[in-house]
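**Student:** What follows is protein04.txt, compact mmCIF, C-alpha atoms and all ligand atoms.
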```txt
# COMPACT_ATOMS: atom_id res chain seq x y z
CA MET A 11 0.00 0.00 0.00
CA LYS A 12 1.41 3.36 -1.00
CA ASN A 13 0.77 5.91 1.73
CA ARG A 14 -0.27 9.42 1.01
CA ASP A 15 -0.31 12.27 3.39
CA SER A 16 -3.62 13.97 2.78
CA SER A 17 -6.92 14.11 4.57
CA LYS A 18 -9.69 15.44 2.36
CA PRO A 19 -12.91 16.36 4.12
CA THR A 20 -14.74 17.05 0.84
CA LEU A 21 -17.46 14.78 -0.50
CA MET A 22 -15.63 12.69 -3.07
CA PRO A 23 -17.44 11.41 -6.17
CA ILE A 24 -17.68 7.62 -5.96
CA ASP A 25 -15.66 7.00 -9.13
CA ASN A 26 -12.79 9.14 -7.83
CA ALA A 27 -12.94 7.43 -4.44
CA LEU A 28 -12.82 4.04 -6.07
CA SER A 29 -10.00 4.84 -8.45
CA GLU A 30 -7.98 6.32 -5.58
CA MET A 31 -8.58 3.17 -3.52
CA LEU A 32 -7.54 0.91 -6.38
CA GLN A 33 -4.49 3.02 -7.11
CA GLN A 34 -3.36 2.86 -3.49
CA CYS A 35 -3.18 -0.90 -3.24
CA ASP A 36 -1.49 -3.68 -5.09
CA ALA A 37 -2.53 -7.25 -5.68
CA LEU A 38 -1.22 -9.70 -3.09
CA LEU A 39 1.89 -11.39 -4.39
CA GLU A 40 1.96 -14.47 -2.20
CA ARG A 41 0.71 -17.58 -3.91
CA GLU A 42 0.21 -21.12 -2.77
CA SER A 43 -0.17 -24.48 -4.42
CA ILE A 44 -3.31 -26.25 -3.25
CA SER A 45 -5.18 -29.42 -4.08
CA VAL A 46 -7.68 -28.98 -6.90
CA LEU A 47 -10.22 -30.51 -4.50
CA ASP A 48 -9.85 -27.42 -2.30
CA ALA A 49 -9.73 -24.92 -5.15
CA LEU A 50 -13.38 -23.86 -5.39
CA ASP A 51 -13.67 -20.04 -5.50
CA ARG A 52 -9.92 -19.55 -5.22
CA ILE A 53 -8.18 -17.17 -7.65
CA THR A 54 -5.62 -18.54 -10.11
CA ALA A 55 -2.16 -17.02 -9.67
CA GLU A 56 -1.11 -17.80 -13.24
CA ALA A 57 -2.58 -18.93 -16.52
CA ILE A 58 -2.82 -22.71 -16.84
CA PHE A 59 -1.77 -24.46 -20.04
CA ALA A 60 -2.52 -28.06 -20.97
CA LYS A 61 0.45 -30.41 -20.82
CA LEU A 62 -1.80 -33.09 -22.27
CA GLN A 63 -4.51 -33.18 -24.92
CA VAL A 64 -8.04 -34.18 -23.91
CA PRO A 65 -9.15 -36.75 -24.74
CA PRO A 66 -5.66 -38.22 -25.00
CA LYS A 67 -6.61 -40.72 -27.75
CA ASN A 68 -9.37 -41.23 -30.29
CA ASN A 69 -12.10 -43.17 -28.49
CA SER A 70 -15.63 -44.42 -28.81
CA ALA A 71 -18.62 -42.19 -28.02
CA MET A 72 -20.95 -45.21 -27.86
CA ASP A 73 -21.30 -48.79 -26.76
CA GLY A 74 -21.19 -50.66 -30.09
CA PHE A 75 -18.77 -51.92 -32.70
CA ALA A 76 -15.64 -50.31 -34.16
CA PHE A 77 -14.49 -50.95 -37.72
CA HIS A 78 -12.89 -49.20 -40.68
CA VAL A 79 -14.94 -47.20 -43.17
CA ASN A 80 -13.40 -45.61 -46.28
CA GLN A 81 -16.26 -43.23 -46.90
CA GLU A 82 -19.45 -45.07 -46.26
CA LEU A 83 -20.41 -48.69 -45.56
CA PRO A 84 -23.92 -49.59 -46.79
CA ALA A 85 -26.64 -51.12 -44.64
CA ASP A 86 -26.64 -54.95 -44.51
CA THR A 87 -22.82 -55.07 -44.48
CA LYS A 88 -21.66 -58.09 -42.50
CA LEU A 89 -18.55 -57.80 -40.26
CA ILE A 90 -16.81 -60.55 -38.30
CA ILE A 91 -16.26 -59.87 -34.59
CA GLN A 92 -12.49 -59.98 -33.98
CA GLY A 93 -12.39 -59.09 -30.30
CA GLN A 94 -13.37 -56.64 -27.60
CA ALA A 95 -12.14 -53.17 -26.50
CA LEU A 96 -13.16 -51.89 -23.07
CA ALA A 97 -12.62 -48.46 -21.51
CA GLY A 98 -9.27 -48.86 -19.76
CA ASN A 99 -8.60 -52.18 -21.46
CA PRO A 100 -7.68 -51.55 -25.10
CA PHE A 101 -7.68 -54.02 -28.00
CA ASN A 102 -4.16 -53.72 -29.42
CA GLU A 103 -4.23 -55.92 -32.53
CA GLU A 104 -4.73 -54.52 -36.02
CA VAL A 105 -8.40 -54.98 -37.00
CA LYS A 106 -8.59 -56.79 -40.34
CA ALA A 107 -10.67 -55.76 -43.34
CA GLY A 108 -14.26 -57.04 -43.03
CA HIS A 109 -13.86 -57.29 -39.27
CA CYS A 110 -15.01 -55.29 -36.27
CA VAL A 111 -14.37 -55.07 -32.53
CA ARG A 112 -16.98 -54.86 -29.83
CA ILE A 113 -16.32 -51.55 -28.02
CA THR A 114 -17.58 -49.66 -24.95
CA THR A 115 -17.93 -45.90 -24.47
CA GLY A 116 -14.54 -44.32 -23.77
CA ALA A 117 -12.51 -47.27 -25.05
CA ILE A 118 -9.61 -46.37 -27.39
CA LEU A 119 -10.35 -47.08 -31.04
CA PRO A 120 -8.40 -50.25 -31.95
CA PRO A 121 -5.68 -49.96 -34.63
CA GLY A 122 -7.18 -50.05 -38.12
CA THR A 123 -10.60 -48.67 -37.11
CA ASN A 124 -12.01 -45.17 -37.52
CA THR A 125 -15.75 -45.55 -36.96
CA VAL A 126 -18.24 -46.85 -34.38
CA MET A 127 -21.81 -48.03 -34.88
CA MET A 128 -23.95 -48.07 -31.75
CA GLN A 129 -25.11 -51.51 -30.80
CA GLU A 130 -28.80 -50.58 -31.11
CA ASN A 131 -28.22 -50.17 -34.88
CA VAL A 132 -26.73 -53.58 -35.60
CA GLN A 133 -27.98 -57.10 -35.61
CA ILE A 134 -25.66 -59.13 -33.37
CA ASN A 135 -25.05 -62.77 -34.27
CA GLU A 136 -22.75 -65.30 -32.60
CA ASN A 137 -19.50 -64.25 -34.34
CA ASN A 138 -20.56 -61.46 -36.68
CA ILE A 139 -22.77 -58.40 -36.93
CA VAL A 140 -24.92 -56.97 -39.72
CA LEU A 141 -25.34 -53.21 -39.96
CA ASN A 142 -28.98 -52.08 -39.82
CA GLN A 143 -28.08 -48.79 -41.45
CA ALA A 144 -25.28 -47.23 -43.48
CA SER A 145 -22.25 -46.00 -41.58
CA LYS A 146 -20.16 -42.94 -42.44
CA ALA A 147 -16.43 -42.75 -41.69
CA GLY A 148 -15.76 -41.17 -38.28
CA ASN A 149 -19.24 -41.67 -36.85
CA SER A 150 -19.46 -41.87 -33.02
CA VAL A 151 -15.76 -41.24 -32.54
CA ARG A 152 -14.39 -38.66 -30.11
CA LEU A 153 -11.17 -37.30 -31.55
CA ALA A 154 -8.01 -36.89 -29.52
CA GLY A 155 -7.69 -33.23 -28.44
CA GLU A 156 -11.23 -32.27 -29.41
CA ASP A 157 -11.85 -30.90 -25.89
CA ILE A 158 -8.43 -29.45 -25.04
CA GLN A 159 -5.40 -29.23 -27.29
CA LEU A 160 -1.84 -29.69 -26.15
CA GLY A 161 -0.42 -26.34 -25.00
CA GLN A 162 -3.77 -24.60 -25.04
CA GLN A 163 -4.58 -22.07 -22.26
CA VAL A 164 -7.18 -23.78 -20.14
CA ILE A 165 -7.75 -21.12 -17.46
CA ALA A 166 -6.59 -17.49 -17.35
CA ALA A 167 -4.72 -15.88 -14.45
CA GLY A 168 -6.97 -14.05 -11.99
CA GLU A 169 -9.92 -16.34 -12.65
CA LYS A 170 -12.21 -17.47 -9.82
CA LEU A 171 -12.24 -21.25 -9.98
CA THR A 172 -15.59 -22.91 -10.56
CA PRO A 173 -16.57 -26.59 -10.24
CA ALA A 174 -16.16 -26.88 -14.05
CA HIS A 175 -12.62 -25.48 -13.81
CA MET A 176 -11.85 -28.07 -11.14
CA ALA A 177 -12.86 -30.81 -13.57
CA LEU A 178 -10.80 -29.25 -16.39
CA LEU A 179 -7.70 -29.15 -14.20
CA ALA A 180 -8.14 -32.78 -13.24
CA SER A 181 -8.73 -33.79 -16.87
CA ILE A 182 -5.35 -32.36 -17.89
CA GLY A 183 -3.76 -34.29 -15.06
CA GLU A 184 -3.16 -31.48 -12.57
CA PRO A 185 -3.68 -32.57 -8.94
CA THR A 186 -2.75 -29.10 -7.63
CA VAL A 187 -3.14 -25.50 -8.74
CA TRP A 188 -1.30 -22.23 -7.94
CA VAL A 189 -3.66 -19.71 -6.39
CA ILE A 190 -3.28 -16.29 -4.79
CA ARG A 191 -3.20 -16.32 -1.00
CA ARG A 192 -6.60 -15.41 0.42
CA PRO A 193 -6.56 -11.87 1.83
CA LYS A 194 -7.05 -11.63 5.58
CA VAL A 195 -9.90 -9.29 6.37
CA ALA A 196 -10.54 -8.07 9.91
CA ILE A 197 -14.02 -6.96 11.00
CA VAL A 198 -14.20 -4.46 13.87
CA VAL A 199 -17.62 -3.13 14.84
CA THR A 200 -17.97 -0.20 17.20
CA GLY A 201 -20.90 1.01 19.26
CA ASP A 202 -21.88 1.07 22.97
CA GLU A 203 -25.43 0.17 22.01
CA LEU A 204 -24.55 -3.07 20.23
CA VAL A 205 -25.24 -6.50 21.72
CA PRO A 206 -24.59 -9.83 19.99
CA PRO A 207 -27.69 -11.87 19.17
CA GLY A 208 -28.29 -14.44 21.91
CA LYS A 209 -27.80 -11.97 24.76
CA LYS A 210 -30.57 -10.08 26.56
CA LEU A 211 -31.22 -6.54 25.34
CA GLU A 212 -31.16 -3.75 27.94
CA ASN A 213 -32.86 -0.42 27.43
CA GLY A 214 -31.28 1.50 24.55
CA GLN A 215 -29.44 -1.48 23.15
CA ILE A 216 -29.89 -3.12 19.74
CA TYR A 217 -28.62 -6.33 18.28
CA GLU A 218 -25.42 -6.03 16.32
CA SER A 219 -26.24 -7.10 12.78
CA ASN A 220 -23.73 -5.56 10.39
CA ARG A 221 -21.08 -8.16 11.17
CA PHE A 222 -23.45 -10.83 9.93
CA ALA A 223 -24.02 -9.10 6.62
CA LEU A 224 -20.28 -8.50 6.26
CA GLN A 225 -19.55 -12.12 7.13
CA GLY A 226 -21.86 -13.26 4.32
CA LEU A 227 -20.53 -10.72 1.82
CA LEU A 228 -16.95 -11.69 2.63
CA GLN A 229 -17.74 -15.40 2.44
CA GLN A 230 -19.06 -14.85 -1.08
CA LEU A 231 -15.61 -13.46 -1.96
CA ASN A 232 -13.86 -16.34 -0.20
CA VAL A 233 -11.46 -14.32 1.93
CA GLU A 234 -10.07 -15.23 5.35
CA ILE A 235 -12.29 -13.50 7.90
CA GLN A 236 -11.05 -12.35 11.32
CA HIS A 237 -13.55 -11.12 13.89
CA TYR A 238 -12.47 -8.55 16.46
CA GLY A 239 -15.78 -8.39 18.30
CA ILE A 240 -17.80 -5.37 19.34
CA VAL A 241 -15.65 -2.46 20.53
CA GLU A 242 -16.89 0.27 22.89
CA ASP A 243 -17.06 3.86 21.75
CA ALA A 244 -13.82 4.71 23.54
CA PRO A 245 -10.78 5.95 21.58
CA LYS A 246 -8.28 3.96 23.64
CA LYS A 247 -10.17 0.71 23.08
CA ILE A 248 -10.53 1.41 19.36
CA VAL A 249 -6.80 2.17 19.07
CA ASP A 250 -5.86 -1.11 20.74
CA VAL A 251 -8.11 -3.21 18.55
CA LEU A 252 -7.19 -1.48 15.29
CA LEU A 253 -3.46 -1.77 16.02
CA ASP A 254 -3.92 -5.43 16.85
CA ALA A 255 -5.87 -5.97 13.63
CA SER A 256 -3.21 -4.13 11.61
CA GLU A 257 -0.66 -6.74 12.72
CA ASN A 258 -2.74 -9.60 11.40
CA ALA A 259 -4.89 -8.43 8.51
CA ASP A 260 -4.36 -7.19 4.96
CA LEU A 261 -7.57 -5.19 5.14
CA ILE A 262 -9.36 -3.86 8.20
CA LEU A 263 -13.06 -3.13 7.95
CA SER A 264 -14.46 -1.09 10.80
CA CYS A 265 -18.12 -0.39 11.06
CA GLY A 266 -19.75 2.60 12.78
CA GLY A 267 -18.33 5.65 14.51
CA VAL A 268 -16.95 7.13 11.32
CA SER A 269 -19.26 10.13 11.10
CA VAL A 270 -19.18 13.40 13.05
CA GLY A 271 -21.31 12.50 16.09
CA ASP A 272 -20.12 12.87 19.68
CA ALA A 273 -19.26 9.16 19.94
CA ASP A 274 -17.68 8.86 16.49
CA TYR A 275 -14.00 8.20 17.19
CA VAL A 276 -12.88 6.04 14.29
CA LYS A 277 -11.73 8.88 12.08
CA GLN A 278 -9.75 10.61 14.82
CA VAL A 279 -8.17 7.30 15.80
CA LEU A 280 -7.22 6.62 12.19
CA ALA A 281 -5.63 10.06 11.93
CA LYS A 282 -3.57 9.28 15.05
CA ILE A 283 -2.37 5.74 14.33
CA GLY A 284 -2.53 5.64 10.55
CA GLN A 285 -3.25 7.67 7.44
CA ILE A 286 -6.56 9.01 6.18
CA ASN A 287 -6.82 9.28 2.40
CA PHE A 288 -10.44 10.43 2.41
CA TRP A 289 -13.42 9.99 4.64
CA LYS A 290 -16.48 11.26 2.83
CA VAL A 291 -17.87 9.86 -0.40
CA ALA A 292 -20.76 11.24 -2.44
CA ILE A 293 -22.76 8.03 -2.13
CA LYS A 294 -26.22 7.37 -0.73
CA PRO A 295 -26.68 5.44 1.41
CA GLY A 296 -23.20 5.95 2.79
CA LYS A 297 -21.38 9.28 2.84
CA PRO A 298 -19.13 8.74 5.86
CA PHE A 299 -16.69 6.18 4.52
CA ALA A 300 -13.08 6.41 5.55
CA PHE A 301 -10.20 5.05 3.54
CA GLY A 302 -6.61 4.92 4.64
CA THR A 303 -3.92 2.71 6.15
CA ILE A 304 -2.81 1.51 9.56
CA ASN A 305 0.73 0.16 9.46
CA ASN A 306 0.77 -2.25 6.51
CA ALA A 307 -2.97 -2.85 6.53
CA ILE A 308 -5.47 -1.11 4.31
CA PHE A 309 -8.29 0.44 6.27
CA CYS A 310 -11.92 0.97 5.23
CA GLY A 311 -14.20 2.59 7.79
CA LEU A 312 -17.76 1.70 6.90
CA PRO A 313 -20.70 3.67 8.21
CA GLY A 314 -22.75 2.07 10.99
CA ASN A 315 -26.18 2.33 9.41
CA PRO A 316 -26.90 -1.18 8.21
CA VAL A 317 -27.92 -0.34 4.64
CA SER A 318 -25.01 2.10 4.32
CA SER A 319 -22.45 -0.42 5.43
CA TYR A 320 -23.89 -3.02 3.06
CA VAL A 321 -23.96 -0.73 0.03
CA THR A 322 -20.54 0.83 0.65
CA PHE A 323 -19.10 -2.66 1.09
CA GLN A 324 -20.51 -3.75 -2.27
CA LYS A 325 -19.65 -0.60 -4.16
CA LEU A 326 -16.25 0.28 -2.68
CA VAL A 327 -14.80 -2.64 -0.72
CA THR A 328 -15.70 -5.44 -3.17
CA PRO A 329 -13.78 -3.87 -6.10
CA LEU A 330 -10.85 -3.25 -3.75
CA LEU A 331 -10.83 -6.89 -2.69
CA HIS A 332 -10.97 -7.96 -6.32
CA LYS A 333 -7.78 -6.01 -6.90
CA LEU A 334 -6.11 -7.37 -3.74
CA MET A 335 -6.99 -10.91 -4.78
CA GLY A 336 -5.56 -10.43 -8.25
CA ARG A 337 -8.98 -10.87 -9.82
CA SER A 338 -10.05 -9.20 -13.03
CA PRO A 339 -11.86 -5.91 -12.25
CA LEU A 340 -15.41 -6.22 -11.03
CA GLU A 341 -17.92 -5.70 -13.83
CA VAL A 342 -21.30 -4.25 -12.99
CA HIS A 343 -24.07 -5.40 -15.31
CA THR A 344 -26.72 -2.74 -15.71
CA ILE A 345 -29.96 -2.90 -17.65
CA ASN A 346 -32.46 -0.26 -18.69
CA ALA A 347 -35.80 -0.07 -16.93
CA THR A 348 -38.82 2.20 -16.85
CA CYS A 349 -39.96 3.74 -13.55
CA ALA A 350 -43.29 2.22 -12.54
CA GLU A 351 -43.53 4.86 -9.81
CA PRO A 352 -41.90 8.26 -9.31
CA ILE A 353 -38.43 8.09 -7.80
CA TYR A 354 -37.33 10.80 -5.38
CA LYS A 355 -33.73 11.92 -5.48
CA ARG A 356 -31.75 15.03 -4.56
CA ALA A 357 -28.68 16.06 -6.53
CA GLY A 358 -25.30 15.68 -4.85
CA ARG A 359 -24.69 11.99 -4.23
CA ALA A 360 -24.85 8.85 -6.37
CA ASP A 361 -27.82 6.92 -5.02
CA PHE A 362 -28.25 3.15 -4.90
CA GLN A 363 -31.95 2.81 -4.17
CA ARG A 364 -33.29 -0.61 -3.36
CA GLY A 365 -35.86 -1.58 -5.97
CA ILE A 366 -38.24 -4.21 -7.18
CA ALA A 367 -37.85 -4.89 -10.89
CA TYR A 368 -40.09 -7.03 -13.06
CA GLN A 369 -40.53 -7.78 -16.75
CA ASP A 370 -43.73 -7.10 -18.65
CA GLU A 371 -45.21 -9.32 -21.37
CA TYR A 372 -42.79 -7.79 -23.93
CA GLY A 373 -39.77 -8.55 -21.78
CA GLU A 374 -39.24 -4.86 -20.86
CA TYR A 375 -38.07 -4.11 -17.33
CA TRP A 376 -40.04 -1.90 -14.96
CA VAL A 377 -38.81 -0.84 -11.56
CA LYS A 378 -40.13 0.78 -8.40
CA PRO A 379 -38.40 1.71 -5.16
CA ASN A 380 -38.79 -0.95 -2.49
CA GLY A 381 -40.52 1.07 0.23
CA SER A 382 -38.58 3.30 2.61
CA GLN A 383 -35.07 4.14 1.46
CA GLY A 384 -33.87 4.95 4.99
CA SER A 385 -30.29 3.85 5.65
CA GLY A 386 -31.41 1.82 8.65
CA ILE A 387 -34.11 -0.16 6.80
CA MET A 388 -32.33 -3.45 6.17
CA SER A 389 -35.51 -5.14 4.94
CA SER A 390 -35.37 -2.74 1.98
CA ILE A 391 -32.38 -4.76 0.73
CA ALA A 392 -33.50 -8.16 1.89
CA ASN A 393 -36.78 -7.94 -0.07
CA ALA A 394 -35.43 -6.05 -3.07
CA ASN A 395 -34.12 -7.62 -6.25
CA CYS A 396 -32.11 -4.73 -7.69
CA TYR A 397 -30.37 -1.43 -7.13
CA ILE A 398 -31.85 1.54 -8.96
CA LEU A 399 -28.70 3.35 -10.08
CA LEU A 400 -29.07 7.11 -9.89
CA GLU A 401 -26.12 9.31 -10.80
CA LYS A 402 -24.80 12.06 -8.58
CA GLU A 403 -26.55 15.01 -10.22
CA GLN A 404 -29.78 13.16 -11.05
CA THR A 405 -32.94 14.62 -9.47
CA ASN A 406 -36.51 13.25 -9.16
CA LEU A 407 -37.66 10.88 -11.89
CA PRO A 408 -41.34 10.84 -12.86
CA LYS A 409 -43.29 7.65 -13.49
CA GLY A 410 -42.44 6.47 -17.03
CA ALA A 411 -38.89 7.84 -16.98
CA LYS A 412 -35.98 5.57 -17.95
CA THR A 413 -33.34 4.55 -15.47
CA LYS A 414 -30.58 2.02 -15.04
CA ILE A 415 -30.83 -0.89 -12.64
CA GLU A 416 -28.48 -3.58 -11.40
CA LEU A 417 -30.16 -6.90 -10.63
CA PHE A 418 -28.93 -8.68 -7.50
P1 LIG B 501 -22.81 5.14 13.72
O1 LIG B 501 -22.26 5.12 12.33
O2 LIG B 501 -21.94 4.48 14.71
O3 LIG B 501 -23.17 6.54 14.10
O4 LIG B 501 -24.16 4.31 13.68
C1 LIG B 501 -25.23 4.72 12.87
C2 LIG B 501 -26.45 3.87 13.17
O5 LIG B 501 -26.18 2.52 12.83
C3 LIG B 501 -26.86 3.83 14.62
O6 LIG B 501 -28.27 3.81 14.68
C4 LIG B 501 -26.27 2.56 15.15
O7 LIG B 501 -26.97 2.05 16.25
C5 LIG B 501 -26.38 1.65 13.95
N1 LIG B 501 -25.33 0.66 13.93
C6 LIG B 501 -24.00 0.90 14.01
N2 LIG B 501 -23.30 -0.23 13.96
C7 LIG B 501 -24.20 -1.23 13.86
C8 LIG B 501 -24.08 -2.64 13.77
N3 LIG B 501 -22.88 -3.24 13.78
N4 LIG B 501 -25.22 -3.37 13.68
C9 LIG B 501 -26.41 -2.75 13.65
N5 LIG B 501 -26.58 -1.43 13.73
C10 LIG B 501 -25.49 -0.66 13.84
MG MG B 502 -21.83 4.33 16.72
```
Can you turn what I pasted into structure tokens?
Ligand code: AMP
Ligand code: MG
**Tutor:**
Amino acid sequence: MKNRDSSKPTLMPIDNALSEMLQQCDALLERESISVLDALDRITAEAIFAKLQVPPKNNSAMDGFAFHVNQELPADTKLIIQGQALAGNPFNEEVKAGHCVRITTGAILPPGTNTVMMQENVQINENNIVLNQASKAGNSVRLAGEDIQLGQQVIAAGEKLTPAHMALLASIGEPTVWVIRRPKVAIVVTGDELVPPGKKLENGQIYESNRFALQGLLQQLNVEIQHYGIVEDAPKKIVDVLLDASENADLILSCGGVSVGDADYVKQVLAKIGQINFWKVAIKPGKPFAFGTINNAIFCGLPGNPVSSYVTFQKLVTPLLHKLMGRSPLEVHTINATCAEPIYKRAGRADFQRGIAYQDEYGEYWVKPNGSQGSGIMSSIANANCYILLEKEQTNLPKGAKTKIELF
């Protein structure tokens, strides 16, 4: 992380905030070789090339009979059964003219054959078969290398491994794969009012919930999560925990206390023990969002309001983690929709309203805000199916206006 010595109290446009964040941190360099069985959702550290073609040899796509065809063999051709080829147990003799070999799916084509007829299409006698239909050269044969060619790039660097990738790696004979080390992400929540679920609530207390959303969001990214519990609104306590986290984590996420209230100490603590790059972003819900460093750790101070912390995580922290993990940049897929209801918006901040989108009989998308857009209304996200994306200077949109949405 490259430190920079500025603290900017201005409201920063989200794109500038994001590009500054991405500029300030580099992808993790440490890589590890792990079993392909453990590779789901890990990020490839290098491109992977096939040291083997797949399939390795020409083989049968059917259970049936293999023989040689010049161009076409007519129906009613009679062929003498010379032997049997099983998957994993090849028939190695040259197959003679006018002969065939009984073959199973996946068995290597015996020498001298180039075609397979499925057994349902032949009449099988004691030591010969008769074709029920004509057979063209090459029918029902899987060619060597038709799936993957020798030397071909099978998976790019920076790719998140899927179950299909795991199978591809195994099919080219790789038991292990080089992946980027998982970033260690510390979660620190602050607030005197916060109580973990399972404990009794006293007057004025609420259940701490943001950590649970962050846990889920981070699990989706497959990072190593470190929990630092609920920290009191006391600068000394916050200092201790953040310094501790900075020793262990690549990225520290704090939550709450980052605004300008009387009990908001995170920013002042960050200024004391680390660096603040910026702490206000023109995003709604959000706005107070601090970015900086503490020792070698990157620091993101998320707002405490549940919807704000969720949205700022998705819009600012997720792209940052993509970069840290060496992944290709996060792509946001937007689609056009028509407002089914008026949408209220003041100029000044990019707004990510929680919406309900649906398609009409012509396949066109319509969207309406999902009830209250308050930054504490977590059910507005839980029951929504999209963000309504409203740019910084956008104002109210009437019913029937066009807008962009991002489906969840
Ligand atoms: P703060 O950013 O600390 O001023 O908090 C803003 C609002 O979010 C307050 O109503 C807090 O009670 C609430 N809040 C802060 N942190 C959490 C959390 N971890 N879980 C649930 N609510 C929170
Ligand atoms: Mg607080």
**Student:** Could you report the residues within 6 Å of ligand LIG 501 (chain B), using all atoms listed in the file, as a list in words?
**Tutor:** Val199, Gly201, Glu218, Ser219, Asn220, Arg221, Cys265, Gly266, Gly267, Val268, Ser269, Pro313, Gly314, Asn315 and Pro316 of chain A
**Student:** I want to know what sits within 9 Å of Gln143 (chain A), based on only C-alpha atoms, with residues of the same chain fewer than 6 positions away left out; could you give that as a PyMOL selection string?
**Tutor:** chain A and resi 83-87+131-132
**Student:** Distance CA of Leu62 (chain A)-CA of Asn80 (chain A), one decimal place?
**Tutor:** 29.5 Å
**Student:** Can you pull out every residue within 6 Å of region 388-402 of chain A, counting all atoms listed in the file, but drop anything in the same chain fewer than 2 positions away, and send it as a PyMOL selection string?
**Tutor:** chain A and resi 317+357-366+380+386+404+414-418
**Student:** Restricting the output to C-alpha atoms, write the selected residues as a PDB file, keeping the file's coordinate frame.
**Tutor:**
```pdb
ATOM      1  CA  VAL A 317     -27.920  -0.340   4.640  1.00  0.00           C
ATOM      2  CA  ALA A 357     -28.680  16.060  -6.530  1.00  0.00           C
ATOM      3  CA  GLY A 358     -25.300  15.680  -4.850  1.00  0.00           C
ATOM      4  CA  ARG A 359     -24.690  11.990  -4.230  1.00  0.00           C
ATOM      5  CA  ALA A 360     -24.850   8.850  -6.370  1.00  0.00           C
ATOM      6  CA  ASP A 361     -27.820   6.920  -5.020  1.00  0.00           C
ATOM      7  CA  PHE A 362     -28.250   3.150  -4.900  1.00  0.00           C
ATOM      8  CA  GLN A 363     -31.950   2.810  -4.170  1.00  0.00           C
ATOM      9  CA  ARG A 364     -33.290  -0.610  -3.360  1.00  0.00           C
ATOM     10  CA  GLY A 365     -35.860  -1.580  -5.970  1.00  0.00           C
ATOM     11  CA  ILE A 366     -38.240  -4.210  -7.180  1.00  0.00           C
ATOM     12  CA  ASN A 380     -38.790  -0.950  -2.490  1.00  0.00           C
ATOM     13  CA  GLY A 386     -31.410   1.820   8.650  1.00  0.00           C
ATOM     14  CA  GLN A 404     -29.780  13.160 -11.050  1.00  0.00           C
ATOM     15  CA  LYS A 414     -30.580   2.020 -15.040  1.00  0.00           C
ATOM     16  CA  ILE A 415     -30.830  -0.890 -12.640  1.00  0.00           C
ATOM     17  CA  GLU A 416     -28.480  -3.580 -11.400  1.00  0.00           C
ATOM     18  CA  LEU A 417     -30.160  -6.900 -10.630  1.00  0.00           C
ATOM     19  CA  PHE A 418     -28.930  -8.680  -7.500  1.00  0.00           C
TER      20      PHE A 418
END
```
**Student:** Would you please work out which residue, of A:Asn149, A:Leu47, A:Gly168, A:Asn287, is nearest to Lys333 (chain A) when using only C-alpha atoms?
**Tutor:**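 Among the listed residues, the smallest separation from Lys333 (chain A) belongs to A:Gly168.
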**Student:** Excluding Tyr368 (chain A) and its own-chain neighbours fewer than 4 positions away, which residues fall within 7 Å of it when counting all atoms listed in the file? Please give them as JSON, numbers by chain.
**Tutor:** {"A": [375, 376, 377]}
**Student:** Which residues, written as number ranges by chain, have at least one atom at most 8 Å from region 178-194 of chain A, with all atoms listed in the file counted and residues fewer than 3 positions away on the same chain left out?
**Tutor:** A: 38-46, 49, 52-56, 60-64, 164, 174-175, 232-236, 258-261, 331, 334-336
**Student:** Restricting the output to C-alpha atoms, write the selected residues as an mmCIF file, keeping the file's coordinate frame.
**Tutor:**
```cif
data_model
loop_
_atom_site.group_PDB
_atom_site.id
_atom_site.type_symbol
_atom_site.label_atom_id
_atom_site.label_comp_id
_atom_site.auth_asym_id
_atom_site.auth_seq_id
_atom_site.Cartn_x
_atom_site.Cartn_y
_atom_site.Cartn_z
ATOM 1 C CA LEU A 38 -1.220 -9.700 -3.090
ATOM 2 C CA LEU A 39 1.890 -11.390 -4.390
ATOM 3 C CA GLU A 40 1.960 -14.470 -2.200
ATOM 4 C CA ARG A 41 0.710 -17.580 -3.910
ATOM 5 C CA GLU A 42 0.210 -21.120 -2.770
ATOM 6 C CA SER A 43 -0.170 -24.480 -4.420
ATOM 7 C CA ILE A 44 -3.310 -26.250 -3.250
ATOM 8 C CA SER A 45 -5.180 -29.420 -4.080
ATOM 9 C CA VAL A 46 -7.680 -28.980 -6.900
ATOM 10 C CA ALA A 49 -9.730 -24.920 -5.150
ATOM 11 C CA ARG A 52 -9.920 -19.550 -5.220
ATOM 12 C CA ILE A 53 -8.180 -17.170 -7.650
ATOM 13 C CA THR A 54 -5.620 -18.540 -10.110
ATOM 14 C CA ALA A 55 -2.160 -17.020 -9.670
ATOM 15 C CA GLU A 56 -1.110 -17.800 -13.240
ATOM 16 C CA ALA A 60 -2.520 -28.060 -20.970
ATOM 17 C CA LYS A 61 0.450 -30.410 -20.820
ATOM 18 C CA LEU A 62 -1.800 -33.090 -22.270
ATOM 19 C CA GLN A 63 -4.510 -33.180 -24.920
ATOM 20 C CA VAL A 64 -8.040 -34.180 -23.910
ATOM 21 C CA VAL A 164 -7.180 -23.780 -20.140
ATOM 22 C CA ALA A 174 -16.160 -26.880 -14.050
ATOM 23 C CA HIS A 175 -12.620 -25.480 -13.810
ATOM 24 C CA ASN A 232 -13.860 -16.340 -0.200
ATOM 25 C CA VAL A 233 -11.460 -14.320 1.930
ATOM 26 C CA GLU A 234 -10.070 -15.230 5.350
ATOM 27 C CA ILE A 235 -12.290 -13.500 7.900
ATOM 28 C CA GLN A 236 -11.050 -12.350 11.320
ATOM 29 C CA ASN A 258 -2.740 -9.600 11.400
ATOM 30 C CA ALA A 259 -4.890 -8.430 8.510
ATOM 31 C CA ASP A 260 -4.360 -7.190 4.960
ATOM 32 C CA LEU A 261 -7.570 -5.190 5.140
ATOM 33 C CA LEU A 331 -10.830 -6.890 -2.690
ATOM 34 C CA LEU A 334 -6.110 -7.370 -3.740
ATOM 35 C CA MET A 335 -6.990 -10.910 -4.780
ATOM 36 C CA GLY A 336 -5.560 -10.430 -8.250
#
```
